[in-house]
$ cat run-v1.txt   # compact mmCIF, N, CA and C atoms
# COMPACT_ATOMS: atom_id res chain seq x y z
N MET A 270 77.75 -63.72 55.80
CA MET A 270 77.25 -62.47 56.33
C MET A 270 75.82 -62.24 55.82
N THR A 271 75.03 -61.53 56.58
CA THR A 271 73.64 -61.27 56.18
C THR A 271 73.43 -59.78 55.93
N MET A 272 72.34 -59.46 55.29
CA MET A 272 72.02 -58.07 54.95
C MET A 272 71.70 -57.29 56.23
N ARG A 273 72.01 -56.00 56.16
CA ARG A 273 71.70 -55.09 57.28
C ARG A 273 70.78 -54.00 56.78
N LEU A 274 69.73 -53.74 57.51
CA LEU A 274 68.80 -52.65 57.20
C LEU A 274 69.29 -51.40 57.91
N MET A 275 69.84 -50.46 57.16
CA MET A 275 70.45 -49.27 57.75
C MET A 275 69.44 -48.17 58.06
N THR A 276 68.25 -48.27 57.54
CA THR A 276 67.25 -47.22 57.73
C THR A 276 66.06 -47.74 58.52
N ARG A 277 66.34 -48.50 59.56
CA ARG A 277 65.27 -49.06 60.39
C ARG A 277 64.42 -47.95 61.01
N LYS A 278 65.02 -46.82 61.32
CA LYS A 278 64.28 -45.69 61.91
C LYS A 278 63.19 -45.21 60.95
N ARG A 279 63.50 -45.14 59.67
CA ARG A 279 62.51 -44.71 58.68
C ARG A 279 61.33 -45.69 58.66
N LEU A 280 61.63 -46.98 58.74
CA LEU A 280 60.58 -47.99 58.78
C LEU A 280 59.74 -47.83 60.04
N ARG A 281 60.40 -47.68 61.17
CA ARG A 281 59.70 -47.53 62.46
C ARG A 281 58.79 -46.31 62.45
N GLU A 282 59.27 -45.19 61.93
CA GLU A 282 58.46 -43.97 61.88
C GLU A 282 57.19 -44.18 61.04
N TYR A 283 57.31 -44.94 59.97
CA TYR A 283 56.16 -45.20 59.11
C TYR A 283 55.15 -46.09 59.83
N ILE A 284 55.60 -47.22 60.35
CA ILE A 284 54.65 -48.18 60.93
C ILE A 284 54.10 -47.74 62.28
N ASP A 285 54.75 -46.79 62.94
CA ASP A 285 54.24 -46.31 64.23
C ASP A 285 53.12 -45.29 64.09
N LEU A 286 52.89 -44.79 62.89
CA LEU A 286 51.76 -43.87 62.68
C LEU A 286 50.46 -44.67 62.74
N PRO A 287 49.48 -44.18 63.49
CA PRO A 287 48.21 -44.93 63.62
C PRO A 287 47.57 -45.30 62.28
N ARG A 288 47.68 -44.43 61.29
CA ARG A 288 47.04 -44.73 59.99
C ARG A 288 47.75 -45.85 59.23
N HIS A 289 48.95 -46.23 59.69
CA HIS A 289 49.69 -47.32 59.04
C HIS A 289 49.78 -48.56 59.94
N ALA A 290 48.93 -48.65 60.92
CA ALA A 290 48.98 -49.76 61.88
C ALA A 290 48.91 -51.13 61.20
N ALA A 291 48.13 -51.25 60.15
CA ALA A 291 47.99 -52.53 59.47
C ALA A 291 49.27 -52.96 58.76
N ALA A 292 50.14 -52.01 58.48
CA ALA A 292 51.40 -52.31 57.79
C ALA A 292 52.46 -52.86 58.74
N LYS A 293 52.28 -52.66 60.03
CA LYS A 293 53.32 -53.00 61.00
C LYS A 293 53.76 -54.46 60.92
N GLY A 294 52.84 -55.39 61.00
CA GLY A 294 53.18 -56.81 60.97
C GLY A 294 53.91 -57.22 59.71
N PRO A 295 53.33 -56.95 58.53
CA PRO A 295 54.01 -57.35 57.29
C PRO A 295 55.38 -56.69 57.11
N MET A 296 55.51 -55.44 57.52
CA MET A 296 56.80 -54.76 57.33
C MET A 296 57.85 -55.26 58.31
N LEU A 297 57.45 -55.62 59.52
CA LEU A 297 58.41 -56.18 60.46
C LEU A 297 58.86 -57.57 60.01
N VAL A 298 57.95 -58.33 59.43
CA VAL A 298 58.32 -59.64 58.87
C VAL A 298 59.30 -59.44 57.72
N TRP A 299 59.03 -58.46 56.85
CA TRP A 299 59.93 -58.15 55.74
C TRP A 299 61.34 -57.82 56.27
N ALA A 300 61.40 -56.93 57.26
CA ALA A 300 62.69 -56.52 57.82
C ALA A 300 63.44 -57.69 58.44
N ALA A 301 62.73 -58.52 59.19
CA ALA A 301 63.38 -59.67 59.84
C ALA A 301 63.88 -60.66 58.80
N THR A 302 63.10 -60.89 57.76
CA THR A 302 63.51 -61.80 56.70
C THR A 302 64.73 -61.25 55.97
N LEU A 303 64.70 -59.97 55.67
CA LEU A 303 65.82 -59.31 55.01
C LEU A 303 67.10 -59.50 55.82
N GLU A 304 67.01 -59.31 57.12
CA GLU A 304 68.20 -59.36 57.97
C GLU A 304 68.71 -60.79 58.22
N ARG A 305 67.98 -61.79 57.76
CA ARG A 305 68.45 -63.18 57.81
C ARG A 305 68.93 -63.66 56.44
N SER A 306 68.92 -62.75 55.46
CA SER A 306 69.23 -63.12 54.07
C SER A 306 70.64 -62.71 53.68
N THR A 307 71.17 -63.43 52.71
CA THR A 307 72.43 -63.07 52.07
C THR A 307 72.15 -62.91 50.59
N TRP A 308 72.33 -61.71 50.08
CA TRP A 308 72.05 -61.43 48.68
C TRP A 308 73.31 -60.96 47.97
N LEU A 309 73.61 -61.57 46.86
CA LEU A 309 74.73 -61.14 46.03
C LEU A 309 74.24 -60.46 44.76
N THR A 310 72.99 -60.76 44.37
CA THR A 310 72.41 -60.21 43.14
C THR A 310 70.90 -60.08 43.32
N LEU A 311 70.27 -59.46 42.33
CA LEU A 311 68.81 -59.35 42.32
C LEU A 311 68.15 -60.73 42.29
N VAL A 312 68.78 -61.69 41.67
CA VAL A 312 68.24 -63.06 41.64
C VAL A 312 68.08 -63.58 43.07
N ASP A 313 69.06 -63.31 43.92
CA ASP A 313 68.97 -63.73 45.33
C ASP A 313 67.81 -63.03 46.04
N VAL A 314 67.64 -61.74 45.77
CA VAL A 314 66.54 -60.99 46.37
C VAL A 314 65.21 -61.62 45.96
N LYS A 315 65.08 -61.91 44.67
CA LYS A 315 63.83 -62.47 44.15
C LYS A 315 63.57 -63.89 44.67
N MET A 316 64.61 -64.59 45.06
CA MET A 316 64.40 -65.91 45.68
C MET A 316 63.80 -65.75 47.07
N THR A 317 64.15 -64.66 47.75
CA THR A 317 63.60 -64.38 49.07
C THR A 317 62.24 -63.71 48.96
N PHE A 318 62.15 -62.72 48.10
CA PHE A 318 60.91 -61.95 47.89
C PHE A 318 60.59 -61.95 46.39
N PRO A 319 59.85 -62.95 45.92
CA PRO A 319 59.59 -63.08 44.47
C PRO A 319 58.91 -61.86 43.83
N ALA A 320 58.15 -61.10 44.58
CA ALA A 320 57.43 -59.96 44.01
C ALA A 320 58.26 -58.69 43.97
N THR A 321 59.56 -58.81 44.05
CA THR A 321 60.44 -57.65 44.00
C THR A 321 60.72 -57.25 42.56
N ASP A 322 60.70 -55.94 42.30
CA ASP A 322 60.97 -55.43 40.95
C ASP A 322 62.25 -54.61 40.95
N HIS A 323 63.06 -54.78 39.92
CA HIS A 323 64.25 -53.96 39.74
C HIS A 323 63.82 -52.63 39.14
N LEU A 324 64.28 -51.52 39.70
CA LEU A 324 63.94 -50.20 39.17
C LEU A 324 65.11 -49.65 38.35
N THR A 325 66.19 -49.27 39.01
CA THR A 325 67.40 -48.80 38.33
C THR A 325 68.60 -49.08 39.21
N GLY A 326 69.74 -49.34 38.61
CA GLY A 326 70.96 -49.55 39.39
C GLY A 326 70.74 -50.56 40.51
N GLU A 327 70.97 -50.12 41.73
CA GLU A 327 70.78 -50.98 42.90
C GLU A 327 69.41 -50.76 43.55
N LYS A 328 68.55 -49.98 42.92
CA LYS A 328 67.23 -49.66 43.47
C LYS A 328 66.21 -50.72 43.10
N VAL A 329 65.51 -51.22 44.12
CA VAL A 329 64.48 -52.23 43.92
C VAL A 329 63.20 -51.81 44.65
N CYS A 330 62.09 -52.40 44.23
CA CYS A 330 60.80 -52.14 44.85
C CYS A 330 60.26 -53.46 45.41
N PHE A 331 60.03 -53.47 46.71
CA PHE A 331 59.48 -54.64 47.39
C PHE A 331 57.98 -54.47 47.55
N ASP A 332 57.21 -55.48 47.19
CA ASP A 332 55.77 -55.51 47.46
C ASP A 332 55.59 -56.13 48.84
N ILE A 333 54.89 -55.43 49.71
CA ILE A 333 54.73 -55.86 51.09
C ILE A 333 53.25 -56.10 51.38
N GLY A 334 52.97 -57.14 52.14
CA GLY A 334 51.59 -57.39 52.58
C GLY A 334 50.63 -57.67 51.44
N GLY A 335 51.02 -58.54 50.54
CA GLY A 335 50.13 -58.87 49.44
C GLY A 335 49.90 -57.70 48.49
N ASN A 336 50.95 -56.89 48.31
CA ASN A 336 50.94 -55.75 47.39
C ASN A 336 50.13 -54.57 47.92
N LYS A 337 49.87 -54.52 49.22
CA LYS A 337 49.19 -53.37 49.81
C LYS A 337 50.13 -52.19 49.99
N TRP A 338 51.42 -52.51 50.28
CA TRP A 338 52.42 -51.47 50.50
C TRP A 338 53.63 -51.74 49.63
N ARG A 339 54.42 -50.70 49.44
CA ARG A 339 55.65 -50.82 48.67
C ARG A 339 56.79 -50.18 49.44
N ILE A 340 57.95 -50.76 49.33
CA ILE A 340 59.17 -50.17 49.87
C ILE A 340 60.17 -50.11 48.72
N ILE A 341 60.65 -48.90 48.44
CA ILE A 341 61.72 -48.73 47.47
C ILE A 341 63.00 -48.62 48.28
N ALA A 342 64.00 -49.41 47.89
CA ALA A 342 65.25 -49.44 48.64
C ALA A 342 66.43 -49.58 47.70
N ASN A 343 67.56 -49.05 48.14
CA ASN A 343 68.83 -49.30 47.47
C ASN A 343 69.47 -50.49 48.17
N VAL A 344 69.88 -51.46 47.38
CA VAL A 344 70.52 -52.64 47.92
C VAL A 344 71.99 -52.61 47.50
N ALA A 345 72.86 -52.41 48.47
CA ALA A 345 74.31 -52.42 48.22
C ALA A 345 74.78 -53.85 48.47
N TYR A 346 74.81 -54.63 47.42
CA TYR A 346 75.08 -56.07 47.55
C TYR A 346 76.44 -56.36 48.17
N LYS A 347 77.48 -55.71 47.68
CA LYS A 347 78.83 -55.98 48.18
C LYS A 347 78.98 -55.58 49.65
N ALA A 348 78.36 -54.47 50.02
CA ALA A 348 78.44 -53.99 51.41
C ALA A 348 77.42 -54.69 52.31
N GLU A 349 76.47 -55.43 51.69
CA GLU A 349 75.42 -56.14 52.42
C GLU A 349 74.55 -55.19 53.24
N ILE A 350 74.18 -54.08 52.60
CA ILE A 350 73.40 -53.04 53.26
C ILE A 350 72.18 -52.71 52.41
N VAL A 351 71.04 -52.47 53.08
CA VAL A 351 69.81 -52.04 52.43
C VAL A 351 69.41 -50.69 53.03
N PHE A 352 69.16 -49.72 52.15
CA PHE A 352 68.73 -48.38 52.55
C PHE A 352 67.33 -48.14 52.02
N ILE A 353 66.37 -47.91 52.90
CA ILE A 353 65.02 -47.59 52.46
C ILE A 353 65.01 -46.17 51.91
N VAL A 354 64.49 -46.02 50.70
CA VAL A 354 64.38 -44.72 50.05
C VAL A 354 62.97 -44.15 50.21
N TRP A 355 61.97 -45.04 50.12
CA TRP A 355 60.57 -44.60 50.15
C TRP A 355 59.70 -45.73 50.66
N ILE A 356 58.65 -45.37 51.41
CA ILE A 356 57.66 -46.34 51.90
C ILE A 356 56.28 -45.74 51.64
N GLY A 357 55.36 -46.55 51.15
CA GLY A 357 54.00 -46.06 50.94
C GLY A 357 53.07 -47.18 50.53
N THR A 358 51.83 -46.78 50.28
CA THR A 358 50.84 -47.74 49.81
C THR A 358 51.01 -47.99 48.32
N HIS A 359 50.36 -49.03 47.86
CA HIS A 359 50.38 -49.33 46.43
C HIS A 359 49.84 -48.14 45.65
N ALA A 360 48.75 -47.54 46.11
CA ALA A 360 48.13 -46.40 45.43
C ALA A 360 49.09 -45.20 45.39
N GLU A 361 49.81 -44.95 46.47
CA GLU A 361 50.77 -43.86 46.52
C GLU A 361 51.92 -44.12 45.54
N TYR A 362 52.34 -45.37 45.44
CA TYR A 362 53.40 -45.74 44.53
C TYR A 362 53.01 -45.46 43.09
N GLU A 363 51.78 -45.75 42.76
CA GLU A 363 51.30 -45.53 41.39
C GLU A 363 51.36 -44.06 41.00
N LYS A 364 51.36 -43.15 41.96
CA LYS A 364 51.41 -41.70 41.70
C LYS A 364 52.82 -41.16 41.54
N LEU A 365 53.83 -41.99 41.88
CA LEU A 365 55.22 -41.52 41.78
C LEU A 365 55.63 -41.30 40.35
$ encode --input "run-v1.txt" --output "structure tokens"
Amino acid sequence: MTMRLMTRKRLREYIDLPRHAAAKGPMLVWAATLERSTWLTLVDVKMTFPATDHLTGEKVCFDIGGNKWRIIANVAYKAEIVFIVWIGTHAEYEKL
């Protein structure tokens, strides 16, 4: 079984804004790669996306587009589901 992105609408709303047009390609590649992946642990995530950081519990931070953008998501490994919690630029992430 492969991972499912349950918050695709949140991603779409972000990348459809004109000011985020440059994020569209990298984020769609991220989503497509995620949905072809099978992850049982953070080690599996890091094999797919090496620049991923563990935050807390099942929460991870993905670096997108050469670290221009960040996606914070909860990864429910057993359920094979990813929920986007937050999307923003690297600079916005630094302010969290």
$ closest_residue --input "run-v1.txt" --among "A:Ala291, A:Ala345, A:Ile353, A:Asp332" --to "Phe318 in chain A" --atoms "all atoms listed in the file"
A:Asp332
$ residues_around --input "run-v1.txt" --residues "Arg277 in chain A" --least-positions-apart "6" --cutoff "8 Å" --atoms "all atoms listed in the file" --output "count of residues only"
4
$ select_by_dssp --input "run-v1.txt" --residues "chain A" --states "strand (DSSP E)" --output "ChimeraX atom specification"
/A:273-274,322-325,328-333,338-345,350-358
$ residues_around --input "run-v1.txt" --residues "Pro295 in chain A" --least-positions-apart "6" --cutoff "8 Å" --atoms "all atoms listed in the file" --output "PyMOL selection string"
chain A and resi 301+333-335
$ closest_atom_pairs --input "run-v1.txt" --of "range 277-348 of chain A" --to "range 356-362 of chain A" --cutoff "9 Å" --atoms "only C-alpha atoms" --output "JSON lines"
{"residue": "A:Arg279", "atom": "CA", "partner": "A:Ile356", "partner_atom": "CA", "distance": 8.5}
{"residue": "A:Leu280", "atom": "CA", "partner": "A:Ile356", "partner_atom": "CA", "distance": 7.7}
{"residue": "A:Tyr283", "atom": "CA", "partner": "A:Ile356", "partner_atom": "CA", "distance": 7.5}
{"residue": "A:Asp332", "atom": "CA", "partner": "A:His359", "partner_atom": "CA", "distance": 8.3}
{"residue": "A:Asn336", "atom": "CA", "partner": "A:His359", "partner_atom": "CA", "distance": 6.5}
{"residue": "A:Lys337", "atom": "CA", "partner": "A:His359", "partner_atom": "CA", "distance": 5.4}
{"residue": "A:Trp338", "atom": "CA", "partner": "A:Thr358", "partner_atom": "CA", "distance": 4.1}
{"residue": "A:Arg339", "atom": "CA", "partner": "A:Gly357", "partner_atom": "CA", "distance": 5.5}
{"residue": "A:Ile340", "atom": "CA", "partner": "A:Ile356", "partner_atom": "CA", "distance": 4.6}
{"residue": "A:Ile341", "atom": "CA", "partner": "A:Ile356", "partner_atom": "CA", "distance": 6.5}
{"residue": "A:Ala342", "atom": "CA", "partner": "A:Ile356", "partner_atom": "CA", "distance": 8.8}
$ atom_distance --input "run-v1.txt" --atom1 "atom C of Glu349 in chain A" --atom2 "atom C of Ala320 in chain A"
19.1 Å
$ closest_residue --input "run-v1.txt" --among "A:Thr276, A:Thr271, A:Asn343, A:Thr321" --to "Leu303 in chain A" --atoms "all atoms listed in the file"
A:Thr271
$ axis_aligned_box --input "run-v1.txt" --around "range 358-362 of chain A" --padding-each-side "5 Å" --output "JSON"
{"center_x": 50.8, "center_y": -46.6, "center_z": 46.7, "size_x": 15.3, "size_y": 15.5, "size_z": 17.2}
$ atom_distance --input "run-v1.txt" --atom1 "CA of His323 in chain A" --atom2 "CA of Thr310 in chain A"
10.8 Å
$ residues_around --input "run-v1.txt" --residues "Asp322 in chain A" --least-positions-apart "5" --cutoff "9 Å" --atoms "only C-alpha atoms" --output "JSON list (two decimals) with N, CA and C atoms, in the coordinates of the input"
[["chain", "number", "residue", "atom", "x", "y", "z"],
["A", 311, "LEU", "N", 70.27, -59.46, 42.33],
["A", 311, "LEU", "CA", 68.81, -59.35, 42.32],
["A", 311, "LEU", "C", 68.15, -60.73, 42.29],
["A", 315, "LYS", "N", 65.08, -61.91, 44.67],
["A", 315, "LYS", "CA", 63.83, -62.47, 44.15],
["A", 315, "LYS", "C", 63.57, -63.89, 44.67],
["A", 328, "LYS", "N", 68.55, -49.98, 42.92],
["A", 328, "LYS", "CA", 67.23, -49.66, 43.47],
["A", 328, "LYS", "C", 66.21, -50.72, 43.10],
["A", 329, "VAL", "N", 65.51, -51.22, 44.12],
["A", 329, "VAL", "CA", 64.48, -52.23, 43.92],
["A", 329, "VAL", "C", 63.20, -51.81, 44.65],
["A", 330, "CYS", "N", 62.09, -52.40, 44.23],
["A", 330, "CYS", "CA", 60.80, -52.14, 44.85],
["A", 330, "CYS", "C", 60.26, -53.46, 45.41],
["A", 331, "PHE", "N", 60.03, -53.47, 46.71],
["A", 331, "PHE", "CA", 59.48, -54.64, 47.39],
["A", 331, "PHE", "C", 57.98, -54.47, 47.55],
["A", 332, "ASP", "N", 57.21, -55.48, 47.19],
["A", 332, "ASP", "CA", 55.77, -55.51, 47.46],
["A", 332, "ASP", "C", 55.59, -56.13, 48.84]]
$ residues_around --input "run-v1.txt" --residues "Trp308 in chain A" --least-positions-apart "4" --cutoff "7 Å" --atoms "only N, CA and C atoms" --output "mmCIF file with N, CA and C atoms, in the coordinates of the input"
data_model
loop_
_atom_site.group_PDB
_atom_site.id
_atom_site.type_symbol
_atom_site.label_atom_id
_atom_site.label_comp_id
_atom_site.auth_asym_id
_atom_site.auth_seq_id
_atom_site.Cartn_x
_atom_site.Cartn_y
_atom_site.Cartn_z
ATOM 1 N N MET A 270 77.750 -63.720 55.800
ATOM 2 C CA MET A 270 77.250 -62.470 56.330
ATOM 3 C C MET A 270 75.820 -62.240 55.820
ATOM 4 N N THR A 271 75.030 -61.530 56.580
ATOM 5 C CA THR A 271 73.640 -61.270 56.180
ATOM 6 C C THR A 271 73.430 -59.780 55.930
ATOM 7 N N MET A 272 72.340 -59.460 55.290
ATOM 8 C CA MET A 272 72.020 -58.070 54.950
ATOM 9 C C MET A 272 71.700 -57.290 56.230
ATOM 10 N N ASP A 313 69.060 -63.310 43.920
ATOM 11 C CA ASP A 313 68.970 -63.730 45.330
ATOM 12 C C ASP A 313 67.810 -63.030 46.040
ATOM 13 N N VAL A 314 67.640 -61.740 45.770
ATOM 14 C CA VAL A 314 66.540 -60.990 46.370
ATOM 15 C C VAL A 314 65.210 -61.620 45.960
ATOM 16 N N TYR A 346 74.810 -54.630 47.420
ATOM 17 C CA TYR A 346 75.080 -56.070 47.550
ATOM 18 C C TYR A 346 76.440 -56.360 48.170
ATOM 19 N N LYS A 347 77.480 -55.710 47.680
ATOM 20 C CA LYS A 347 78.830 -55.980 48.180
ATOM 21 C C LYS A 347 78.980 -55.580 49.650
ATOM 22 N N GLU A 349 76.470 -55.430 51.690
ATOM 23 C CA GLU A 349 75.420 -56.140 52.420
ATOM 24 C C GLU A 349 74.550 -55.190 53.240
#
$ atom_distance --input "run-v1.txt" --atom1 "CA of Trp355 in chain A" --atom2 "CA of Thr307 in chain A"
22.0 Å
$ closest_residue --input "run-v1.txt" --among "A:Gly294, A:Met275, A:Val344, A:Pro287" --to "Thr325 in chain A" --atoms "only C-alpha atoms"
A:Val344
$ select_by_dssp --input "run-v1.txt" --residues "chain A" --states "alpha helix (DSSP H)" --output "number ranges by chain"
A: 277-284, 293-303, 311-317, 359-363
$ decode --input "run-v1.txt" --residues "range 309-330 of chain A" --atoms "N, CA and C atoms" --output "compact mmCIF listing (two decimals), in the first residue's frame"
# COMPACT_ATOMS: atom_id res chain seq x y z
N LEU A 309 6.98 3.21 6.68
CA LEU A 309 6.65 2.58 7.95
C LEU A 309 7.24 3.36 9.12
N THR A 310 8.30 4.14 8.83
CA THR A 310 8.99 4.91 9.87
C THR A 310 9.57 6.18 9.25
N LEU A 311 10.10 7.04 10.11
CA LEU A 311 10.77 8.25 9.64
C LEU A 311 11.97 7.91 8.76
N VAL A 312 12.62 6.81 9.02
CA VAL A 312 13.76 6.38 8.20
C VAL A 312 13.31 6.22 6.74
N ASP A 313 12.13 5.64 6.54
CA ASP A 313 11.59 5.48 5.19
C ASP A 313 11.31 6.83 4.54
N VAL A 314 10.76 7.75 5.32
CA VAL A 314 10.49 9.10 4.80
C VAL A 314 11.80 9.74 4.35
N LYS A 315 12.82 9.64 5.19
CA LYS A 315 14.11 10.26 4.88
C LYS A 315 14.81 9.60 3.69
N MET A 316 14.48 8.35 3.41
CA MET A 316 15.03 7.71 2.21
C MET A 316 14.40 8.31 0.96
N THR A 317 13.14 8.73 1.06
CA THR A 317 12.44 9.36 -0.05
C THR A 317 12.78 10.84 -0.13
N PHE A 318 12.74 11.51 1.01
CA PHE A 318 13.01 12.95 1.10
C PHE A 318 14.08 13.17 2.18
N PRO A 319 15.36 13.12 1.81
CA PRO A 319 16.44 13.22 2.80
C PRO A 319 16.42 14.49 3.66
N ALA A 320 15.87 15.58 3.15
CA ALA A 320 15.89 16.84 3.90
C ALA A 320 14.70 16.97 4.85
N THR A 321 14.07 15.88 5.20
CA THR A 321 12.93 15.90 6.11
C THR A 321 13.42 15.90 7.55
N ASP A 322 12.77 16.72 8.39
CA ASP A 322 13.13 16.80 9.81
C ASP A 322 11.98 16.31 10.67
N HIS A 323 12.30 15.54 11.70
CA HIS A 323 11.30 15.11 12.67
C HIS A 323 11.06 16.27 13.63
N LEU A 324 9.80 16.60 13.89
CA LEU A 324 9.48 17.67 14.83
C LEU A 324 9.04 17.08 16.17
N THR A 325 7.86 16.49 16.22
CA THR A 325 7.37 15.82 17.42
C THR A 325 6.41 14.72 17.01
N GLY A 326 6.35 13.65 17.78
CA GLY A 326 5.40 12.58 17.49
C GLY A 326 5.46 12.15 16.04
N GLU A 327 4.33 12.26 15.35
CA GLU A 327 4.26 11.91 13.94
C GLU A 327 4.42 13.14 13.03
N LYS A 328 4.76 14.28 13.60
CA LYS A 328 4.89 15.52 12.85
C LYS A 328 6.28 15.66 12.26
N VAL A 329 6.33 15.91 10.95
CA VAL A 329 7.60 16.10 10.25
C VAL A 329 7.55 17.37 9.41
N CYS A 330 8.72 17.87 9.06
CA CYS A 330 8.84 19.06 8.22
C CYS A 330 9.59 18.67 6.95
